[in-house]
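Everything below belongs to work.txt, which stores compact mmCIF, N, CA and C atoms.
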```txt
# COMPACT_ATOMS: atom_id res chain seq x y z
N MET A 1 0.83 -1.19 0.00
CA MET A 1 0.00 0.00 0.00
C MET A 1 0.87 1.25 0.00
N ALA A 2 0.47 2.21 -0.83
CA ALA A 2 1.15 3.50 -0.87
C ALA A 2 0.33 4.51 -0.06
N GLN A 3 0.87 5.71 0.06
CA GLN A 3 0.18 6.73 0.83
C GLN A 3 0.02 7.98 -0.04
N CYS A 4 -1.16 8.57 0.00
CA CYS A 4 -1.43 9.79 -0.76
C CYS A 4 -0.66 10.95 -0.12
N PRO A 5 0.13 11.67 -0.91
CA PRO A 5 0.88 12.80 -0.35
C PRO A 5 0.00 13.99 0.03
N SER A 6 -1.21 14.05 -0.50
CA SER A 6 -2.09 15.19 -0.21
C SER A 6 -2.89 15.01 1.08
N CYS A 7 -3.46 13.80 1.27
CA CYS A 7 -4.33 13.60 2.43
C CYS A 7 -3.82 12.50 3.37
N ASN A 8 -2.71 11.87 3.04
CA ASN A 8 -2.07 10.81 3.83
C ASN A 8 -2.92 9.55 3.99
N ARG A 9 -3.88 9.36 3.13
CA ARG A 9 -4.69 8.15 3.16
C ARG A 9 -3.96 7.05 2.38
N GLU A 10 -4.13 5.82 2.83
CA GLU A 10 -3.52 4.69 2.11
C GLU A 10 -4.27 4.45 0.81
N VAL A 11 -3.49 4.22 -0.24
CA VAL A 11 -4.08 3.93 -1.55
C VAL A 11 -3.44 2.66 -2.09
N ALA A 12 -4.16 1.98 -2.97
CA ALA A 12 -3.64 0.77 -3.58
C ALA A 12 -2.37 1.09 -4.35
N GLY A 13 -1.45 0.17 -4.41
CA GLY A 13 -0.16 0.38 -5.06
C GLY A 13 -0.25 0.75 -6.52
N ASP A 14 -1.30 0.30 -7.22
CA ASP A 14 -1.42 0.59 -8.65
C ASP A 14 -2.30 1.81 -8.94
N ALA A 15 -2.83 2.45 -7.92
CA ALA A 15 -3.72 3.59 -8.12
C ALA A 15 -2.95 4.85 -8.50
N ARG A 16 -3.45 5.57 -9.49
CA ARG A 16 -2.88 6.85 -9.88
C ARG A 16 -3.47 7.99 -9.05
N TRP A 17 -4.72 7.81 -8.62
CA TRP A 17 -5.48 8.86 -7.96
C TRP A 17 -5.97 8.37 -6.61
N CYS A 18 -5.97 9.24 -5.62
CA CYS A 18 -6.48 8.92 -4.29
C CYS A 18 -8.01 8.87 -4.34
N SER A 19 -8.58 7.83 -3.75
CA SER A 19 -10.04 7.70 -3.79
C SER A 19 -10.72 8.68 -2.84
N MET A 20 -9.98 9.25 -1.91
CA MET A 20 -10.57 10.19 -0.95
C MET A 20 -10.49 11.63 -1.46
N CYS A 21 -9.31 12.13 -1.76
CA CYS A 21 -9.15 13.54 -2.15
C CYS A 21 -9.05 13.73 -3.66
N HIS A 22 -8.95 12.64 -4.42
CA HIS A 22 -8.84 12.64 -5.88
C HIS A 22 -7.57 13.33 -6.38
N GLY A 23 -6.57 13.43 -5.52
CA GLY A 23 -5.29 13.99 -5.92
C GLY A 23 -4.42 12.94 -6.59
N HIS A 24 -3.48 13.39 -7.40
CA HIS A 24 -2.55 12.48 -8.08
C HIS A 24 -1.59 11.92 -7.03
N VAL A 25 -1.46 10.61 -6.98
CA VAL A 25 -0.69 9.96 -5.93
C VAL A 25 0.81 10.20 -6.07
N SER A 26 1.35 10.10 -7.27
CA SER A 26 2.80 10.23 -7.41
C SER A 26 3.27 11.68 -7.59
N ASP A 27 2.40 12.58 -8.06
CA ASP A 27 2.79 13.97 -8.25
C ASP A 27 1.61 14.89 -7.95
N PRO A 28 1.50 15.40 -6.72
CA PRO A 28 0.37 16.26 -6.35
C PRO A 28 0.26 17.54 -7.19
N GLN A 29 1.35 17.95 -7.84
CA GLN A 29 1.33 19.16 -8.67
C GLN A 29 0.46 19.00 -9.91
N VAL A 30 0.14 17.75 -10.29
CA VAL A 30 -0.69 17.49 -11.46
C VAL A 30 -2.09 18.06 -11.24
N GLY A 31 -2.59 18.00 -10.02
CA GLY A 31 -3.92 18.49 -9.71
C GLY A 31 -4.80 17.37 -9.20
N ARG A 32 -6.07 17.66 -9.09
CA ARG A 32 -7.08 16.69 -8.64
C ARG A 32 -8.03 16.38 -9.79
N LEU A 33 -8.59 15.18 -9.75
CA LEU A 33 -9.59 14.83 -10.75
C LEU A 33 -10.77 15.79 -10.64
N ALA A 34 -11.24 16.27 -11.77
CA ALA A 34 -12.40 17.15 -11.78
C ALA A 34 -13.66 16.33 -11.49
N SER A 35 -14.57 16.90 -10.76
CA SER A 35 -15.81 16.20 -10.41
C SER A 35 -16.70 16.06 -11.65
N PRO A 36 -17.58 15.06 -11.65
CA PRO A 36 -18.51 14.91 -12.78
C PRO A 36 -19.38 16.15 -12.97
N GLY A 37 -19.80 16.80 -11.90
CA GLY A 37 -20.62 18.00 -12.02
C GLY A 37 -19.87 19.15 -12.67
N ARG A 38 -18.62 19.31 -12.31
CA ARG A 38 -17.79 20.36 -12.89
C ARG A 38 -17.56 20.08 -14.38
N ARG A 39 -17.34 18.81 -14.71
CA ARG A 39 -17.16 18.44 -16.11
C ARG A 39 -18.42 18.70 -16.92
N LEU A 40 -19.58 18.41 -16.32
CA LEU A 40 -20.86 18.68 -16.99
C LEU A 40 -21.02 20.19 -17.22
N GLY A 41 -20.64 20.98 -16.23
CA GLY A 41 -20.71 22.43 -16.38
C GLY A 41 -19.85 22.93 -17.53
N ALA A 42 -18.66 22.37 -17.67
CA ALA A 42 -17.77 22.75 -18.77
C ALA A 42 -18.37 22.35 -20.11
N TYR A 43 -18.97 21.18 -20.17
CA TYR A 43 -19.60 20.71 -21.40
C TYR A 43 -20.75 21.64 -21.81
N ILE A 44 -21.55 22.03 -20.82
CA ILE A 44 -22.67 22.95 -21.10
C ILE A 44 -22.14 24.30 -21.58
N LEU A 45 -21.09 24.80 -20.91
CA LEU A 45 -20.48 26.06 -21.36
C LEU A 45 -19.96 25.95 -22.79
N ASP A 46 -19.32 24.84 -23.12
CA ASP A 46 -18.82 24.65 -24.48
C ASP A 46 -19.97 24.68 -25.49
N MET A 47 -21.09 24.03 -25.15
CA MET A 47 -22.24 24.02 -26.06
C MET A 47 -22.85 25.41 -26.20
N VAL A 48 -22.98 26.13 -25.09
CA VAL A 48 -23.53 27.49 -25.14
C VAL A 48 -22.63 28.39 -25.97
N LEU A 49 -21.33 28.31 -25.77
CA LEU A 49 -20.40 29.14 -26.54
C LEU A 49 -20.46 28.79 -28.02
N ALA A 50 -20.56 27.50 -28.34
CA ALA A 50 -20.65 27.08 -29.74
C ALA A 50 -21.94 27.60 -30.37
N LEU A 51 -23.05 27.50 -29.66
CA LEU A 51 -24.32 28.01 -30.18
C LEU A 51 -24.27 29.53 -30.36
N TRP A 52 -23.61 30.21 -29.44
CA TRP A 52 -23.50 31.66 -29.55
C TRP A 52 -22.72 32.03 -30.82
N PHE A 53 -21.63 31.29 -31.07
CA PHE A 53 -20.86 31.55 -32.28
C PHE A 53 -21.69 31.31 -33.53
N LEU A 54 -22.49 30.25 -33.50
CA LEU A 54 -23.28 29.91 -34.68
C LEU A 54 -24.43 30.87 -34.93
N THR A 55 -24.83 31.62 -33.90
CA THR A 55 -25.97 32.52 -34.06
C THR A 55 -25.56 33.99 -34.13
N THR A 56 -24.28 34.27 -34.27
CA THR A 56 -23.84 35.66 -34.40
C THR A 56 -24.18 36.17 -35.79
N PHE A 57 -23.92 37.45 -36.01
CA PHE A 57 -24.24 38.08 -37.27
C PHE A 57 -23.13 37.95 -38.31
N LEU A 58 -22.07 37.23 -37.97
CA LEU A 58 -20.99 37.04 -38.92
C LEU A 58 -21.43 36.10 -40.04
N PRO A 59 -20.86 36.25 -41.21
CA PRO A 59 -21.17 35.29 -42.29
C PRO A 59 -20.75 33.87 -41.86
N ASP A 60 -21.48 32.88 -42.34
CA ASP A 60 -21.25 31.49 -41.92
C ASP A 60 -19.80 31.05 -42.08
N SER A 61 -19.18 31.39 -43.19
CA SER A 61 -17.80 30.95 -43.40
C SER A 61 -16.86 31.60 -42.40
N LEU A 62 -17.10 32.84 -42.05
CA LEU A 62 -16.26 33.53 -41.07
C LEU A 62 -16.45 32.93 -39.68
N VAL A 63 -17.69 32.57 -39.34
CA VAL A 63 -17.97 31.94 -38.04
C VAL A 63 -17.19 30.64 -37.93
N MET A 64 -17.20 29.84 -38.96
CA MET A 64 -16.49 28.56 -38.93
C MET A 64 -14.99 28.77 -38.80
N ILE A 65 -14.45 29.75 -39.48
CA ILE A 65 -13.01 30.03 -39.41
C ILE A 65 -12.64 30.47 -37.99
N VAL A 66 -13.40 31.38 -37.42
CA VAL A 66 -13.14 31.85 -36.06
C VAL A 66 -13.27 30.70 -35.07
N PHE A 67 -14.30 29.89 -35.23
CA PHE A 67 -14.52 28.74 -34.34
C PHE A 67 -13.36 27.75 -34.43
N LEU A 68 -12.88 27.48 -35.62
CA LEU A 68 -11.76 26.56 -35.80
C LEU A 68 -10.47 27.12 -35.19
N ILE A 69 -10.24 28.41 -35.35
CA ILE A 69 -9.04 29.02 -34.76
C ILE A 69 -9.09 28.92 -33.24
N ILE A 70 -10.24 29.21 -32.67
CA ILE A 70 -10.38 29.12 -31.21
C ILE A 70 -10.19 27.68 -30.75
N ALA A 71 -10.77 26.71 -31.46
CA ALA A 71 -10.61 25.30 -31.10
C ALA A 71 -9.14 24.89 -31.17
N ILE A 72 -8.45 25.30 -32.20
CA ILE A 72 -7.03 24.95 -32.34
C ILE A 72 -6.22 25.51 -31.17
N ILE A 73 -6.48 26.76 -30.82
CA ILE A 73 -5.74 27.39 -29.72
C ILE A 73 -5.99 26.65 -28.41
N PHE A 74 -7.25 26.38 -28.10
CA PHE A 74 -7.56 25.71 -26.84
C PHE A 74 -7.11 24.25 -26.85
N PHE A 75 -7.34 23.53 -27.94
CA PHE A 75 -6.93 22.13 -28.02
C PHE A 75 -5.42 21.99 -27.87
N ALA A 76 -4.66 22.92 -28.45
CA ALA A 76 -3.20 22.87 -28.34
C ALA A 76 -2.75 23.06 -26.89
N ARG A 77 -3.58 23.66 -26.07
CA ARG A 77 -3.26 23.88 -24.65
C ARG A 77 -3.89 22.84 -23.74
N GLY A 78 -4.52 21.82 -24.32
CA GLY A 78 -5.07 20.73 -23.52
C GLY A 78 -6.34 21.07 -22.79
N THR A 79 -7.18 21.88 -23.41
CA THR A 79 -8.43 22.27 -22.76
C THR A 79 -9.47 22.64 -23.80
N THR A 80 -10.64 23.03 -23.35
CA THR A 80 -11.69 23.58 -24.20
C THR A 80 -12.08 24.92 -23.57
N PRO A 81 -12.82 25.76 -24.26
CA PRO A 81 -13.21 27.03 -23.64
C PRO A 81 -13.95 26.84 -22.31
N GLY A 82 -14.90 25.91 -22.27
CA GLY A 82 -15.65 25.67 -21.03
C GLY A 82 -14.77 25.16 -19.90
N LYS A 83 -13.89 24.23 -20.22
CA LYS A 83 -12.97 23.70 -19.20
C LYS A 83 -12.03 24.80 -18.70
N ARG A 84 -11.56 25.63 -19.61
CA ARG A 84 -10.64 26.70 -19.22
C ARG A 84 -11.31 27.70 -18.29
N ILE A 85 -12.55 28.06 -18.60
CA ILE A 85 -13.30 28.98 -17.74
C ILE A 85 -13.43 28.41 -16.33
N LEU A 86 -13.62 27.09 -16.22
CA LEU A 86 -13.80 26.45 -14.92
C LEU A 86 -12.49 25.93 -14.32
N GLY A 87 -11.35 26.25 -14.96
CA GLY A 87 -10.05 25.89 -14.40
C GLY A 87 -9.69 24.43 -14.51
N MET A 88 -10.03 23.80 -15.63
CA MET A 88 -9.75 22.38 -15.83
C MET A 88 -8.90 22.19 -17.08
N TRP A 89 -8.13 21.09 -17.07
CA TRP A 89 -7.30 20.71 -18.20
C TRP A 89 -7.42 19.22 -18.41
N VAL A 90 -7.09 18.79 -19.61
CA VAL A 90 -7.04 17.36 -19.94
C VAL A 90 -5.57 16.98 -19.94
N ILE A 91 -5.26 15.92 -19.19
CA ILE A 91 -3.87 15.46 -19.12
C ILE A 91 -3.76 14.03 -19.61
N ASN A 92 -2.56 13.66 -20.03
CA ASN A 92 -2.27 12.28 -20.42
C ASN A 92 -1.89 11.48 -19.19
N GLU A 93 -1.66 10.20 -19.37
CA GLU A 93 -1.30 9.33 -18.24
C GLU A 93 0.00 9.76 -17.57
N ASP A 94 0.89 10.41 -18.31
CA ASP A 94 2.16 10.84 -17.72
C ASP A 94 2.05 12.14 -16.92
N GLY A 95 0.87 12.74 -16.88
CA GLY A 95 0.65 13.94 -16.10
C GLY A 95 0.83 15.24 -16.87
N ASN A 96 1.22 15.14 -18.14
CA ASN A 96 1.39 16.34 -18.97
C ASN A 96 0.08 16.67 -19.68
N ARG A 97 -0.09 17.94 -20.00
CA ARG A 97 -1.31 18.35 -20.71
C ARG A 97 -1.36 17.67 -22.07
N SER A 98 -2.57 17.31 -22.47
CA SER A 98 -2.77 16.69 -23.77
C SER A 98 -2.49 17.69 -24.87
N GLY A 99 -2.03 17.19 -25.99
CA GLY A 99 -1.73 18.04 -27.13
C GLY A 99 -2.90 18.16 -28.08
N PHE A 100 -2.67 18.85 -29.16
CA PHE A 100 -3.73 19.13 -30.13
C PHE A 100 -4.36 17.86 -30.69
N PHE A 101 -3.55 16.92 -31.18
CA PHE A 101 -4.09 15.72 -31.80
C PHE A 101 -4.93 14.91 -30.81
N THR A 102 -4.42 14.74 -29.60
CA THR A 102 -5.16 13.99 -28.57
C THR A 102 -6.50 14.66 -28.30
N MET A 103 -6.48 15.98 -28.14
CA MET A 103 -7.71 16.71 -27.86
C MET A 103 -8.68 16.64 -29.04
N LEU A 104 -8.17 16.74 -30.26
CA LEU A 104 -9.03 16.68 -31.44
C LEU A 104 -9.76 15.34 -31.51
N VAL A 105 -9.03 14.25 -31.36
CA VAL A 105 -9.65 12.93 -31.44
C VAL A 105 -10.60 12.72 -30.25
N ARG A 106 -10.18 13.14 -29.06
CA ARG A 106 -11.00 12.97 -27.85
C ARG A 106 -12.31 13.73 -27.97
N GLU A 107 -12.24 14.98 -28.45
CA GLU A 107 -13.42 15.83 -28.51
C GLU A 107 -14.34 15.53 -29.69
N THR A 108 -13.84 14.88 -30.73
CA THR A 108 -14.68 14.58 -31.89
C THR A 108 -15.07 13.10 -31.91
N VAL A 109 -14.13 12.26 -32.22
CA VAL A 109 -14.40 10.82 -32.33
C VAL A 109 -14.80 10.24 -30.97
N GLY A 110 -14.01 10.57 -29.93
CA GLY A 110 -14.26 10.01 -28.61
C GLY A 110 -15.61 10.38 -28.05
N LYS A 111 -15.98 11.65 -28.15
CA LYS A 111 -17.27 12.08 -27.60
C LYS A 111 -18.43 11.57 -28.45
N PHE A 112 -18.20 11.39 -29.75
CA PHE A 112 -19.23 10.77 -30.59
C PHE A 112 -19.50 9.35 -30.10
N ILE A 113 -18.43 8.60 -29.83
CA ILE A 113 -18.58 7.23 -29.34
C ILE A 113 -19.25 7.22 -27.96
N SER A 114 -18.88 8.15 -27.09
CA SER A 114 -19.47 8.21 -25.75
C SER A 114 -20.97 8.47 -25.80
N GLY A 115 -21.42 9.23 -26.77
CA GLY A 115 -22.84 9.54 -26.88
C GLY A 115 -23.63 8.58 -27.73
N LEU A 116 -22.95 7.65 -28.39
CA LEU A 116 -23.58 6.77 -29.37
C LEU A 116 -24.64 5.86 -28.77
N VAL A 117 -24.35 5.23 -27.65
CA VAL A 117 -25.28 4.26 -27.05
C VAL A 117 -25.90 4.88 -25.80
N LEU A 118 -26.98 5.62 -25.99
CA LEU A 118 -27.71 6.23 -24.88
C LEU A 118 -26.83 7.09 -23.96
N SER A 119 -25.78 7.65 -24.51
CA SER A 119 -24.83 8.48 -23.76
C SER A 119 -24.16 7.75 -22.60
N LEU A 120 -24.05 6.43 -22.71
CA LEU A 120 -23.43 5.64 -21.64
C LEU A 120 -21.97 6.02 -21.41
N GLY A 121 -21.29 6.46 -22.46
CA GLY A 121 -19.90 6.86 -22.30
C GLY A 121 -19.73 8.07 -21.40
N PHE A 122 -20.73 8.94 -21.38
CA PHE A 122 -20.70 10.09 -20.49
C PHE A 122 -21.15 9.69 -19.08
N ILE A 123 -22.16 8.86 -19.00
CA ILE A 123 -22.66 8.37 -17.71
C ILE A 123 -21.57 7.58 -16.99
N TRP A 124 -20.69 6.94 -17.77
CA TRP A 124 -19.59 6.14 -17.22
C TRP A 124 -18.72 6.96 -16.26
N ILE A 125 -18.65 8.26 -16.48
CA ILE A 125 -17.86 9.15 -15.62
C ILE A 125 -18.34 9.04 -14.17
N LEU A 126 -19.64 8.82 -13.97
CA LEU A 126 -20.20 8.74 -12.62
C LEU A 126 -19.81 7.47 -11.88
N ILE A 127 -19.53 6.39 -12.60
CA ILE A 127 -19.25 5.12 -11.94
C ILE A 127 -17.79 4.69 -12.02
N ASP A 128 -17.00 5.37 -12.83
CA ASP A 128 -15.61 5.00 -13.01
C ASP A 128 -14.76 5.48 -11.83
N ARG A 129 -13.83 4.66 -11.41
CA ARG A 129 -12.94 4.97 -10.28
C ARG A 129 -12.16 6.26 -10.50
N ASP A 130 -11.76 6.52 -11.75
CA ASP A 130 -10.96 7.69 -12.08
C ASP A 130 -11.76 8.78 -12.80
N ASN A 131 -13.09 8.72 -12.73
CA ASN A 131 -13.97 9.69 -13.40
C ASN A 131 -13.68 9.81 -14.89
N GLN A 132 -13.39 8.69 -15.53
CA GLN A 132 -13.12 8.71 -16.97
C GLN A 132 -14.35 8.27 -17.74
N GLY A 133 -14.66 9.03 -18.80
CA GLY A 133 -15.67 8.60 -19.75
C GLY A 133 -15.01 7.75 -20.82
N TRP A 134 -15.81 7.22 -21.72
CA TRP A 134 -15.24 6.39 -22.78
C TRP A 134 -14.26 7.19 -23.64
N HIS A 135 -14.56 8.46 -23.86
CA HIS A 135 -13.66 9.30 -24.66
C HIS A 135 -12.32 9.49 -23.95
N ASP A 136 -12.33 9.51 -22.61
CA ASP A 136 -11.08 9.59 -21.85
C ASP A 136 -10.31 8.27 -21.95
N LYS A 137 -11.02 7.18 -21.81
CA LYS A 137 -10.37 5.87 -21.88
C LYS A 137 -9.77 5.63 -23.27
N LEU A 138 -10.49 6.06 -24.30
CA LEU A 138 -10.01 5.89 -25.67
C LEU A 138 -8.65 6.57 -25.87
N MET A 139 -8.48 7.75 -25.30
CA MET A 139 -7.25 8.53 -25.51
C MET A 139 -6.34 8.51 -24.28
N SER A 140 -6.67 7.73 -23.26
CA SER A 140 -5.87 7.63 -22.02
C SER A 140 -5.66 9.01 -21.39
N THR A 141 -6.76 9.71 -21.18
CA THR A 141 -6.69 11.04 -20.61
C THR A 141 -7.50 11.12 -19.31
N TYR A 142 -7.22 12.17 -18.55
CA TYR A 142 -7.94 12.48 -17.31
C TYR A 142 -8.23 13.97 -17.33
N VAL A 143 -9.34 14.37 -16.73
CA VAL A 143 -9.66 15.79 -16.61
C VAL A 143 -9.35 16.19 -15.18
N VAL A 144 -8.49 17.20 -15.03
CA VAL A 144 -8.06 17.64 -13.70
C VAL A 144 -8.35 19.12 -13.51
N GLN A 145 -8.43 19.49 -12.26
CA GLN A 145 -8.53 20.90 -11.91
C GLN A 145 -7.38 21.22 -11.00
N LYS A 146 -6.94 22.43 -11.04
CA LYS A 146 -5.79 22.84 -10.20
C LYS A 146 -6.28 23.66 -9.04
```
Could you quickly redo this structure as structure tokens?
Amino acid sequence: MAQCPSCNREVAGDARWCSMCHGHVSDPQVGRLASPGRRLGAYILDMVLALWFLTTFLPDSLVMIVFLIIAIIFFARGTTPGKRILGMWVINEDGNRSGFFTMLVRETVGKFISGLVLSLGFIWILIDRDNQGWHDKLMSTYVVQK
């Protein structure tokens, strides 16, 4: 058994995250796992922001270009606009922020798969030990807050 450096609770030797405080066991600087409610809030913010962009008075082609530029900037930093507003990032298993390609696949293909069967991939976040949805498992990512 190992010990969590954040809360001093014993954790299983193979655990990356403490089941009590949700802090990273080997490197507390990585942050804590984001709660399912916080993740849902970020998802809703992302949808609201996307709808706002789509309903502005800009020409459709300009809206898409601006939206793509914003997505590229945020994805390259391992986050989305909603996650950034709420202070969350997507990290890889090594504790580093996810890059553009990982975020692109996670946010498009991964979330499509998560929503495909009655949104079970999103509901999975509620029952998974590490709060991972299917899109997280597909890309080996975790959502953390600092």
Using all atoms listed in the file, which protein or nucleic acid residues come within 6.5 Å of range 99-101 of chain A? Drop anything in the same chain fewer than 3 positions from it, and give the result as a list in words.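 Surrounding residues, per the criterion: Phe75, Ala76, Arg77, Gly78, Leu104, Val105 and Arg106 of chain A.
With distances restricted to all atoms listed in the file, A:Val90 is the closest residue to Thr141 in chain A from A:Leu62, A:Ile70, A:Leu118, A:Val90.
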Quick one: pull the distance between CA of Leu33 in chain A and CA of Val143 in chain A, Å, one decimal.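 That distance, rounded to one decimal, is 5.9 Å.
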For Ala12 in chain A, list every protein, DNA or RNA residue within 9 Å, evaluated using only C-alpha atoms, and leave out those in the same chain fewer than 6 positions away; present the list as a PyMOL selection string. chain A and resi 1-3+18
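If only C-alpha atoms are the atoms counted, then among A:Tyr142, A:Asn96, A:Leu126, A:Val66 the closest residue to Leu40 in chain A is A:Leu126.
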Step by step, gather every atom of range 41-60 of chain A that the file lists, find the box along x, y and z that holds them, add 8 Å on each side, and finally give centre and edge lengths in Å to one decimal, as AutoDock Vina command-line options.
```
--center_x -21.9 --center_y 29.4 --center_z -29.3 --size_x 24.2 --size_y 33.4 --size_z 42.1
```
Could you go through chain A and tell me which residues DSSP, when run on the backbone, assigns to strand (DSSP E or B), listing them as a ChimeraX atom specification? /A:2-3,10-11,17,23-24,32-33,88-92,97,141-145
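Put simply, atom N of Val30 in chain A is 15.2 Å away from atom C of Cys7 in chain A.
Of the residues listed (A:Asp94, A:Trp89, A:Asp128, A:Ala15), A:Trp89 shows the shortest atom-to-atom separation from Ala34 in chain A; distances use only C-alpha atoms.
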From the set A:Lys111, A:Cys21, A:Gly82, A:Ser61, which residue has the shortest atom-to-atom contact distance to Leu49 in chain A, counting only N, CA and C atoms?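 Selected residue with least distance to Leu49 in chain A: A:Gly82.
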Tell me, which residues of chain A carry DSSP alpha helix (DSSP H), written as a PyMOL selection string? chain A and resi 36-54+60-76+81-85+100-105+111-116+120-127+134-139
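The gap separating atom N of His135 in chain A from atom C of Phe112 in chain A is 8.0 Å, in Å to one decimal.
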